[in-house]
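Novice: The structure follows.
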Amino acid sequence: MISEKEIEDALQKIEETAPQYATAKALSFQAQEWKKTQRSLLYSQAVGRTVADKEHWVAVQSAVAVANEGIAAAISNEEKLRWELKQAELKIEIWRTQQASARLERMV
C-alpha cells in the first residue's frame, strides 16, 4: 500500500514540477521558433540558383546545427519533467484505487 506520506510527496512533486514543466515547454517552443527565424535569415543570404541549392546551403550552416542542439536539449528537459509529473500522477491514481478497494473490502 502507498502511504499517506508518499501521496503528500507526490502532490508536492506535482506542485514543484508543474511550473518547471510549463517553462520547459515554453522554452522548447521558443527554440523551435528561433530555428525558423535563423533559417529564414540564412535563406536570405543563401547562395545558389535553385531553391534546393539554397535549402541545402542553409541546412549545412552552423547556426542551424546550434538551433537543432538547443531544440534537442529543450525537448529532453521537457520530456524529463513530463514523465516526473506522470509518475506522481500515477502514484496518486494507484493510491486512489487502493483506497477504493480497501473501502470495498470493509463493506464485505
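By order of appearance in the C-alpha cells: chains A, B, ..., then residues from 1 within every chain, and ligands from 1 in the order shown.
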Report as number ranges by chain all protein, DNA and RNA residues lying within 12 Å of region 39-55 of chain A, evaluated on only C-alpha atoms, omitting residues in the same chain fewer than 6 positions from it.
Specialist: A: 32-33, 61-68
Novice: If you count only C-alpha atoms, which residues fall within 10 Å of region 83-91 of chain A, apart from same-chain ones fewer than 6 positions away, as a compact mmCIF listing (two decimals) with C-alpha atoms, in the first residue's frame?
Specialist:
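Below you can see around17.txt, which holds the result:
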```txt
# COMPACT_ATOMS: atom_id res chain seq x y z
CA ILE A 2 1.09 3.51 -0.74
CA GLU A 6 4.08 9.09 -0.26
CA ILE A 7 0.89 10.75 -1.53
CA ASP A 9 5.27 13.74 -1.52
CA ALA A 10 3.64 13.04 -4.90
CA LEU A 11 1.38 16.08 -4.54
CA GLN A 12 4.37 18.20 -3.55
CA LYS A 13 6.28 16.88 -6.57
CA ILE A 14 3.42 17.89 -8.87
CA GLU A 15 3.27 21.34 -7.27
CA GLU A 16 7.00 21.83 -7.76
CA THR A 17 7.32 20.27 -11.20
CA ALA A 18 4.27 21.73 -12.96
CA TYR A 21 7.32 21.79 -16.99
CA THR A 97 -7.52 2.54 -6.45
```
Novice: Could you list, as a ChimeraX atom specification, every residue within 12 Å of region 71-75 of chain A, counting only C-alpha atoms and ignoring same-chain residues fewer than 6 positions away?
Specialist: /A:20-36,64-65,81-82
Novice: Between CA of Glu4 (chain A) and CA of Ile94 (chain A), what is the distance in Å, rounded to a tenth?
Specialist: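 Rounded to one decimal, the two atoms are 12.2 Å apart.
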Novice: To one decimal place, how far is CA of Gln98 (chain A) from CA of Glu79 (chain A) in Å?
Specialist: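 Straight-line distance from CA of Gln98 (chain A) to CA of Glu79 (chain A) works out to 28.2 Å.
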